[in-house]
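J.: Quick one, upload.pdb (PDB, N, CA and C atoms):
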ATOM      1  N   MET A 230       0.843  -1.141   0.000  1.00  0.00           N
ATOM      2  CA  MET A 230       0.000   0.000   0.000  1.00  0.00           C
ATOM      3  C   MET A 230       0.909   1.231   0.000  1.00  0.00           C
ATOM      4  N   GLY A 231       0.741   2.070  -1.005  1.00  0.00           N
ATOM      5  CA  GLY A 231       1.575   3.258  -1.119  1.00  0.00           C
ATOM      6  C   GLY A 231       0.891   4.476  -0.513  1.00  0.00           C
ATOM      7  N   GLN A 232       1.698   5.298   0.051  1.00  0.00           N
ATOM      8  CA  GLN A 232       1.172   6.531   0.613  1.00  0.00           C
ATOM      9  C   GLN A 232       1.563   7.705  -0.281  1.00  0.00           C
ATOM     10  N   THR A 233       0.641   8.620  -0.407  1.00  0.00           N
ATOM     11  CA  THR A 233       0.922   9.798  -1.207  1.00  0.00           C
ATOM     12  C   THR A 233       1.147  10.968  -0.263  1.00  0.00           C
ATOM     13  N   VAL A 234       2.228  11.662  -0.501  1.00  0.00           N
ATOM     14  CA  VAL A 234       2.559  12.815   0.333  1.00  0.00           C
ATOM     15  C   VAL A 234       2.311  14.066  -0.493  1.00  0.00           C
ATOM     16  N   ALA A 235       1.539  14.987   0.051  1.00  0.00           N
ATOM     17  CA  ALA A 235       1.266  16.239  -0.655  1.00  0.00           C
ATOM     18  C   ALA A 235       2.483  17.134  -0.582  1.00  0.00           C
ATOM     19  N   GLN A 236       2.893  17.616  -1.729  1.00  0.00           N
ATOM     20  CA  GLN A 236       4.032  18.514  -1.800  1.00  0.00           C
ATOM     21  C   GLN A 236       3.531  19.959  -1.797  1.00  0.00           C
ATOM     22  N   PRO A 237       4.158  20.831  -1.032  1.00  0.00           N
ATOM     23  CA  PRO A 237       3.744  22.244  -1.039  1.00  0.00           C
ATOM     24  C   PRO A 237       4.043  22.872  -2.403  1.00  0.00           C
ATOM     25  N   THR A 238       3.118  23.679  -2.864  1.00  0.00           N
ATOM     26  CA  THR A 238       3.328  24.362  -4.143  1.00  0.00           C
ATOM     27  C   THR A 238       3.672  25.822  -3.864  1.00  0.00           C
ATOM     28  N   ALA A 239       4.489  26.341  -4.690  1.00  0.00           N
ATOM     29  CA  ALA A 239       4.911  27.736  -4.535  1.00  0.00           C
ATOM     30  C   ALA A 239       3.832  28.657  -5.099  1.00  0.00           C
ATOM     31  N   THR A 240       3.396  29.605  -4.287  1.00  0.00           N
ATOM     32  CA  THR A 240       2.419  30.588  -4.760  1.00  0.00           C
ATOM     33  C   THR A 240       3.122  31.942  -4.864  1.00  0.00           C
ATOM     34  N   PRO A 241       2.813  32.673  -5.895  1.00  0.00           N
ATOM     35  CA  PRO A 241       3.462  33.983  -6.030  1.00  0.00           C
ATOM     36  C   PRO A 241       2.968  34.933  -4.936  1.00  0.00           C
ATOM     37  N   PRO A 242       3.813  35.859  -4.525  1.00  0.00           N
ATOM     38  CA  PRO A 242       3.385  36.788  -3.471  1.00  0.00           C
ATOM     39  C   PRO A 242       2.249  37.687  -3.967  1.00  0.00           C
ATOM     40  N   ALA A 243       1.399  38.074  -3.059  1.00  0.00           N
ATOM     41  CA  ALA A 243       0.268  38.935  -3.409  1.00  0.00           C
ATOM     42  C   ALA A 243       0.774  40.338  -3.719  1.00  0.00           C
ATOM     43  N   VAL A 244       0.319  40.881  -4.827  1.00  0.00           N
ATOM     44  CA  VAL A 244       0.696  42.229  -5.231  1.00  0.00           C
ATOM     45  C   VAL A 244      -0.553  43.105  -5.179  1.00  0.00           C
ATOM     46  N   PRO A 245      -0.504  44.211  -4.438  1.00  0.00           N
ATOM     47  CA  PRO A 245      -1.696  45.062  -4.373  1.00  0.00           C
ATOM     48  C   PRO A 245      -1.990  45.702  -5.723  1.00  0.00           C
ATOM     49  N   ALA A 246      -3.259  45.865  -6.002  1.00  0.00           N
ATOM     50  CA  ALA A 246      -3.659  46.484  -7.260  1.00  0.00           C
ATOM     51  C   ALA A 246      -3.319  47.961  -7.221  1.00  0.00           C
ATOM     52  N   THR A 247      -2.838  48.472  -8.324  1.00  0.00           N
ATOM     53  CA  THR A 247      -2.507  49.887  -8.394  1.00  0.00           C
ATOM     54  C   THR A 247      -3.671  50.653  -9.005  1.00  0.00           C
ATOM     55  N   LEU A 248      -3.928  51.820  -8.455  1.00  0.00           N
ATOM     56  CA  LEU A 248      -4.992  52.679  -8.945  1.00  0.00           C
ATOM     57  C   LEU A 248      -4.340  53.982  -9.384  1.00  0.00           C
ATOM     58  N   PRO A 249      -4.424  54.304 -10.660  1.00  0.00           N
ATOM     59  CA  PRO A 249      -3.725  55.498 -11.132  1.00  0.00           C
ATOM     60  C   PRO A 249      -4.313  56.780 -10.533  1.00  0.00           C
ATOM     61  N   LEU A 250      -3.450  57.767 -10.342  1.00  0.00           N
ATOM     62  CA  LEU A 250      -3.869  59.039  -9.770  1.00  0.00           C
ATOM     63  C   LEU A 250      -4.889  59.735 -10.654  1.00  0.00           C
ATOM     64  N   ARG A 251      -4.804  59.559 -11.951  1.00  0.00           N
ATOM     65  CA  ARG A 251      -5.764  60.182 -12.857  1.00  0.00           C
ATOM     66  C   ARG A 251      -7.178  59.651 -12.655  1.00  0.00           C
ATOM     67  N   ALA A 252      -7.313  58.463 -12.117  1.00  0.00           N
ATOM     68  CA  ALA A 252      -8.640  57.907 -11.842  1.00  0.00           C
ATOM     69  C   ALA A 252      -9.211  58.440 -10.533  1.00  0.00           C
ATOM     70  N   ILE A 253      -8.339  58.797  -9.607  1.00  0.00           N
ATOM     71  CA  ILE A 253      -8.774  59.250  -8.293  1.00  0.00           C
ATOM     72  C   ILE A 253      -8.976  60.754  -8.244  1.00  0.00           C
ATOM     73  N   ALA A 254      -8.176  61.520  -8.950  1.00  0.00           N
ATOM     74  CA  ALA A 254      -8.161  62.979  -8.834  1.00  0.00           C
ATOM     75  C   ALA A 254      -9.523  63.638  -9.064  1.00  0.00           C
ATOM     76  N   PRO A 255     -10.275  63.306 -10.114  1.00  0.00           N
ATOM     77  CA  PRO A 255     -11.570  63.987 -10.279  1.00  0.00           C
ATOM     78  C   PRO A 255     -12.537  63.733  -9.124  1.00  0.00           C
ATOM     79  N   TRP A 256     -12.537  62.522  -8.600  1.00  0.00           N
ATOM     80  CA  TRP A 256     -13.417  62.203  -7.482  1.00  0.00           C
ATOM     81  C   TRP A 256     -12.960  62.920  -6.221  1.00  0.00           C
ATOM     82  N   ALA A 257     -11.664  63.017  -6.009  1.00  0.00           N
ATOM     83  CA  ALA A 257     -11.148  63.718  -4.831  1.00  0.00           C
ATOM     84  C   ALA A 257     -11.506  65.201  -4.888  1.00  0.00           C
ATOM     85  N   VAL A 258     -11.397  65.812  -6.058  1.00  0.00           N
ATOM     86  CA  VAL A 258     -11.766  67.222  -6.213  1.00  0.00           C
ATOM     87  C   VAL A 258     -13.267  67.399  -5.985  1.00  0.00           C
ATOM     88  N   PHE A 259     -14.076  66.538  -6.563  1.00  0.00           N
ATOM     89  CA  PHE A 259     -15.528  66.616  -6.402  1.00  0.00           C
ATOM     90  C   PHE A 259     -15.933  66.527  -4.938  1.00  0.00           C
ATOM     91  N   PHE A 260     -15.432  65.532  -4.225  1.00  0.00           N
ATOM     92  CA  PHE A 260     -15.806  65.362  -2.831  1.00  0.00           C
ATOM     93  C   PHE A 260     -15.209  66.460  -1.953  1.00  0.00           C
ATOM     94  N   GLY A 261     -14.043  66.973  -2.312  1.00  0.00           N
ATOM     95  CA  GLY A 261     -13.468  68.098  -1.572  1.00  0.00           C
ATOM     96  C   GLY A 261     -14.344  69.333  -1.679  1.00  0.00           C
ATOM     97  N   ILE A 262     -14.814  69.651  -2.887  1.00  0.00           N
ATOM     98  CA  ILE A 262     -15.702  70.801  -3.074  1.00  0.00           C
ATOM     99  C   ILE A 262     -17.027  70.567  -2.359  1.00  0.00           C
ATOM    100  N   LEU A 263     -17.550  69.366  -2.447  1.00  0.00           N
ATOM    101  CA  LEU A 263     -18.796  69.036  -1.763  1.00  0.00           C
ATOM    102  C   LEU A 263     -18.660  69.217  -0.253  1.00  0.00           C
ATOM    103  N   MET A 264     -17.553  68.792   0.323  1.00  0.00           N
ATOM    104  CA  MET A 264     -17.342  68.946   1.760  1.00  0.00           C
ATOM    105  C   MET A 264     -17.212  70.419   2.144  1.00  0.00           C
ATOM    106  N   LEU A 265     -16.569  71.228   1.306  1.00  0.00           N
ATOM    107  CA  LEU A 265     -16.467  72.658   1.603  1.00  0.00           C
ATOM    108  C   LEU A 265     -17.832  73.346   1.563  1.00  0.00           C
ATOM    109  N   VAL A 266     -18.664  72.967   0.603  1.00  0.00           N
ATOM    110  CA  VAL A 266     -20.014  73.531   0.531  1.00  0.00           C
ATOM    111  C   VAL A 266     -20.821  73.123   1.758  1.00  0.00           C
ATOM    112  N   LEU A 267     -20.741  71.863   2.144  1.00  0.00           N
ATOM    113  CA  LEU A 267     -21.456  71.416   3.338  1.00  0.00           C
ATOM    114  C   LEU A 267     -20.944  72.101   4.596  1.00  0.00           C
ATOM    115  N   LEU A 268     -19.637  72.289   4.683  1.00  0.00           N
ATOM    116  CA  LEU A 268     -19.071  72.983   5.834  1.00  0.00           C
ATOM    117  C   LEU A 268     -19.553  74.425   5.885  1.00  0.00           C
ATOM    118  N   TYR A 269     -19.677  75.076   4.726  1.00  0.00           N
ATOM    119  CA  TYR A 269     -20.202  76.436   4.709  1.00  0.00           C
ATOM    120  C   TYR A 269     -21.633  76.471   5.216  1.00  0.00           C
ATOM    121  N   PHE A 270     -22.479  75.584   4.712  1.00  0.00           N
ATOM    122  CA  PHE A 270     -23.878  75.610   5.115  1.00  0.00           C
ATOM    123  C   PHE A 270     -24.059  75.276   6.589  1.00  0.00           C
ATOM    124  N   VAL A 271     -23.246  74.378   7.111  1.00  0.00           N
ATOM    125  CA  VAL A 271     -23.372  74.023   8.521  1.00  0.00           C
ATOM    126  C   VAL A 271     -22.742  75.098   9.403  1.00  0.00           C
ATOM    127  N   GLY A 272     -21.625  75.658   8.981  1.00  0.00           N
ATOM    128  CA  GLY A 272     -20.885  76.547   9.865  1.00  0.00           C
ATOM    129  C   GLY A 272     -21.121  78.026   9.693  1.00  0.00           C
ATOM    130  N   ALA A 273     -21.527  78.488   8.503  1.00  0.00           N
ATOM    131  CA  ALA A 273     -21.559  79.928   8.290  1.00  0.00           C
ATOM    132  C   ALA A 273     -22.822  80.440   7.636  1.00  0.00           C
ATOM    133  N   GLU A 274     -23.779  79.628   7.332  1.00  0.00           N
ATOM    134  CA  GLU A 274     -24.973  80.082   6.613  1.00  0.00           C
ATOM    135  C   GLU A 274     -25.965  80.717   7.587  1.00  0.00           C
ATOM    136  N   GLN A 275     -25.666  81.925   7.959  1.00  0.00           N
ATOM    137  CA  GLN A 275     -26.587  82.733   8.753  1.00  0.00           C
ATOM    138  C   GLN A 275     -25.989  84.117   8.877  1.00  0.00           C
ATOM    139  N   GLY A 276     -26.795  85.063   9.147  1.00  0.00           N
ATOM    140  CA  GLY A 276     -26.298  86.411   9.381  1.00  0.00           C
ATOM    141  C   GLY A 276     -25.863  87.119   8.114  1.00  0.00           C
ATOM    142  N   ALA A 277     -24.756  87.856   8.186  1.00  0.00           N
ATOM    143  CA  ALA A 277     -24.296  88.707   7.089  1.00  0.00           C
ATOM    144  C   ALA A 277     -23.814  87.907   5.888  1.00  0.00           C
ATOM    145  N   THR A 278     -23.362  86.688   6.096  1.00  0.00           N
ATOM    146  CA  THR A 278     -22.821  85.906   4.978  1.00  0.00           C
ATOM    147  C   THR A 278     -23.832  84.941   4.386  1.00  0.00           C
ATOM    148  N   SER A 279     -25.083  85.088   4.734  1.00  0.00           N
ATOM    149  CA  SER A 279     -26.068  84.108   4.276  1.00  0.00           C
ATOM    150  C   SER A 279     -26.353  84.245   2.787  1.00  0.00           C
ATOM    151  N   VAL A 280     -26.526  83.125   2.133  1.00  0.00           N
ATOM    152  CA  VAL A 280     -26.863  83.072   0.713  1.00  0.00           C
ATOM    153  C   VAL A 280     -28.375  83.133   0.549  1.00  0.00           C
ATOM    154  N   PHE A 281     -29.092  82.490   1.452  1.00  0.00           N
ATOM    155  CA  PHE A 281     -30.549  82.425   1.393  1.00  0.00           C
ATOM    156  C   PHE A 281     -31.138  83.299   2.493  1.00  0.00           C
ATOM    157  N   ASN A 282     -32.233  83.966   2.206  1.00  0.00           N
ATOM    158  CA  ASN A 282     -32.923  84.777   3.213  1.00  0.00           C
ATOM    159  C   ASN A 282     -33.666  83.884   4.192  1.00  0.00           C
ATOM    160  N   GLY A 283     -33.842  84.390   5.402  1.00  0.00           N
ATOM    161  CA  GLY A 283     -34.583  83.640   6.402  1.00  0.00           C
ATOM    162  C   GLY A 283     -33.695  82.702   7.187  1.00  0.00           C
ATOM    163  N   THR A 284     -34.345  81.874   7.974  1.00  0.00           N
ATOM    164  CA  THR A 284     -33.612  80.947   8.849  1.00  0.00           C
ATOM    165  C   THR A 284     -33.843  79.492   8.480  1.00  0.00           C
ATOM    166  N   ASP A 285     -34.317  79.246   7.266  1.00  0.00           N
ATOM    167  CA  ASP A 285     -34.623  77.861   6.876  1.00  0.00           C
ATOM    168  C   ASP A 285     -33.391  76.969   6.901  1.00  0.00           C
ATOM    169  N   VAL A 286     -32.291  77.424   6.307  1.00  0.00           N
ATOM    170  CA  VAL A 286     -31.065  76.612   6.276  1.00  0.00           C
ATOM    171  C   VAL A 286     -30.557  76.401   7.692  1.00  0.00           C
ATOM    172  N   HIS A 287     -30.621  77.446   8.516  1.00  0.00           N
ATOM    173  CA  HIS A 287     -30.175  77.314   9.907  1.00  0.00           C
ATOM    174  C   HIS A 287     -30.964  76.230  10.636  1.00  0.00           C
ATOM    175  N   GLU A 288     -32.259  76.193  10.424  1.00  0.00           N
ATOM    176  CA  GLU A 288     -33.080  75.184  11.094  1.00  0.00           C
ATOM    177  C   GLU A 288     -32.789  73.777  10.583  1.00  0.00           C
ATOM    178  N   TRP A 289     -32.481  73.642   9.309  1.00  0.00           N
ATOM    179  CA  TRP A 289     -32.186  72.319   8.750  1.00  0.00           C
ATOM    180  C   TRP A 289     -30.871  71.757   9.278  1.00  0.00           C
ATOM    181  N   VAL A 290     -29.893  72.613   9.522  1.00  0.00           N
ATOM    182  CA  VAL A 290     -28.575  72.130   9.951  1.00  0.00           C
ATOM    183  C   VAL A 290     -28.298  72.444  11.420  1.00  0.00           C
ATOM    184  N   HIS A 291     -29.319  72.784  12.166  1.00  0.00           N
ATOM    185  CA  HIS A 291     -29.157  73.189  13.565  1.00  0.00           C
ATOM    186  C   HIS A 291     -28.458  72.120  14.414  1.00  0.00           C
ATOM    187  N   ASP A 292     -28.896  70.903  14.333  1.00  0.00           N
ATOM    188  CA  ASP A 292     -28.284  69.847  15.142  1.00  0.00           C
ATOM    189  C   ASP A 292     -26.857  69.554  14.709  1.00  0.00           C
ATOM    190  N   ALA A 293     -26.593  69.668  13.420  1.00  0.00           N
ATOM    191  CA  ALA A 293     -25.225  69.454  12.942  1.00  0.00           C
ATOM    192  C   ALA A 293     -24.295  70.533  13.484  1.00  0.00           C
ATOM    193  N   ARG A 294     -24.794  71.749  13.626  1.00  0.00           N
ATOM    194  CA  ARG A 294     -23.984  72.821  14.208  1.00  0.00           C
ATOM    195  C   ARG A 294     -23.562  72.448  15.626  1.00  0.00           C
ATOM    196  N   HIS A 295     -24.515  71.975  16.419  1.00  0.00           N
ATOM    197  CA  HIS A 295     -24.180  71.595  17.795  1.00  0.00           C
ATOM    198  C   HIS A 295     -23.223  70.407  17.822  1.00  0.00           C
ATOM    199  N   LEU A 296     -23.450  69.443  16.946  1.00  0.00           N
ATOM    200  CA  LEU A 296     -22.604  68.253  16.920  1.00  0.00           C
ATOM    201  C   LEU A 296     -21.157  68.616  16.579  1.00  0.00           C
ATOM    202  N   LEU A 297     -20.967  69.554  15.655  1.00  0.00           N
ATOM    203  CA  LEU A 297     -19.625  69.949  15.231  1.00  0.00           C
ATOM    204  C   LEU A 297     -19.018  71.071  16.070  1.00  0.00           C
ATOM    205  N   GLY A 298     -19.778  71.596  17.040  1.00  0.00           N
ATOM    206  CA  GLY A 298     -19.235  72.598  17.941  1.00  0.00           C
ATOM    207  C   GLY A 298     -19.335  74.022  17.445  1.00  0.00           C
ATOM    208  N   PHE A 299     -20.153  74.297  16.429  1.00  0.00           N
ATOM    209  CA  PHE A 299     -20.329  75.660  15.960  1.00  0.00           C
ATOM    210  C   PHE A 299     -21.324  76.383  16.871  1.00  0.00           C
ATOM    211  N   PRO A 300     -21.037  77.618  17.251  1.00  0.00           N
ATOM    212  CA  PRO A 300     -22.023  78.354  18.039  1.00  0.00           C
ATOM    213  C   PRO A 300     -23.170  78.813  17.155  1.00  0.00           C
ATOM    214  N   CYS A 301     -24.387  78.773  17.661  1.00  0.00           N
ATOM    215  CA  CYS A 301     -25.515  79.221  16.852  1.00  0.00           C
ATOM    216  C   CYS A 301     -26.583  79.929  17.657  1.00  0.00           C
ATOM    217  N   HIS A 302     -26.434  80.053  18.955  1.00  0.00           N
ATOM    218  CA  HIS A 302     -27.445  80.749  19.762  1.00  0.00           C
ATOM    219  C   HIS A 302     -26.859  82.002  20.326  1.00  0.00           C
TER     220      HIS A 302
END
Now that the file is in, can you turn its structure into C-alpha cells?

T.:
Amino acid sequence: MGQTVAQPTATPPAVPATLPLRAIAPWAVFFGILMLVLLYFVGAEQGATSVFNGTDVHEWVHDARHLLGFPCH
C-alpha cells in the first residue's frame, strides 16, 4: 500500500492592485468641493454671509452645528 505525500506548491506573493492618480483625482476634487459647501452651510450660513434669506437653512442644519461645535445661539 503506497502513501501519497502532498508537496507544497509555490504561490506567487500577493501584489496590491494599483490605482492610477488620474482615476482618483476627479473624485477627490468633487468630494473636496462638496465637503467645503457642506461645511459652509453648517458653519456659516446665517447672518451677514447668508446666501438664502430667512432661517430655513439654519433650522435644517441646527443639530449638525451643535454636533460639530459651531455656536448658533

J.: Just give me the gap between atom CA of Leu297 of chain A and atom N of Gly272 of chain A in Å, one decimal is fine.

T.: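 The value is 8.7 Å.
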
J.: May I ask which of the residues A:Pro242, A:Val271, A:Val234, A:Ile253 is the closest one to Gly298 of chain A, counting only C-alpha atoms?

T.: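 Going through A:Pro242, A:Val271, A:Val234, A:Ile253 one by one, the smallest distance to Gly298 of chain A is for A:Val271.
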
J.: Please measure the separation of atom C of Glu274 of chain A and atom C of Trp289 of chain A, giving the value in Å to one decimal.

T.: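 Distance between the two atoms: 10.4 Å.
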
J.: From a DSSP pass on the backbone, collect the residues of segment 231-297 of chain A flagged as alpha helix (DSSP H) and hand them back as a ChimeraX atom specification.

T.: /A:250-272,285-289,291-297

J.: Do you have the atom CA of Leu250 of chain A-atom C of Met264 of chain A distance handy?

T.: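 Here the two named atoms are 21.2 Å from each other.
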
J.: Take every atom of segment 262-279 of chain A listed in the file, fit an axis-aligned box around them, add 3 Å per side, and give the centre and edge lengths in Å to one decimal as JSON.

T.:
{"center_x": -20.8, "center_y": 78.7, "center_z": 3.4, "size_x": 18.0, "size_y": 25.9, "size_z": 18.9}

J.: Skip Arg294 of chain A itself and residues of its chain fewer than 6 positions away, then list as a ChimeraX atom specification all residues within 12 Å of it, counting only C-alpha atoms.

T.: /A:267-275,286-288,300-302
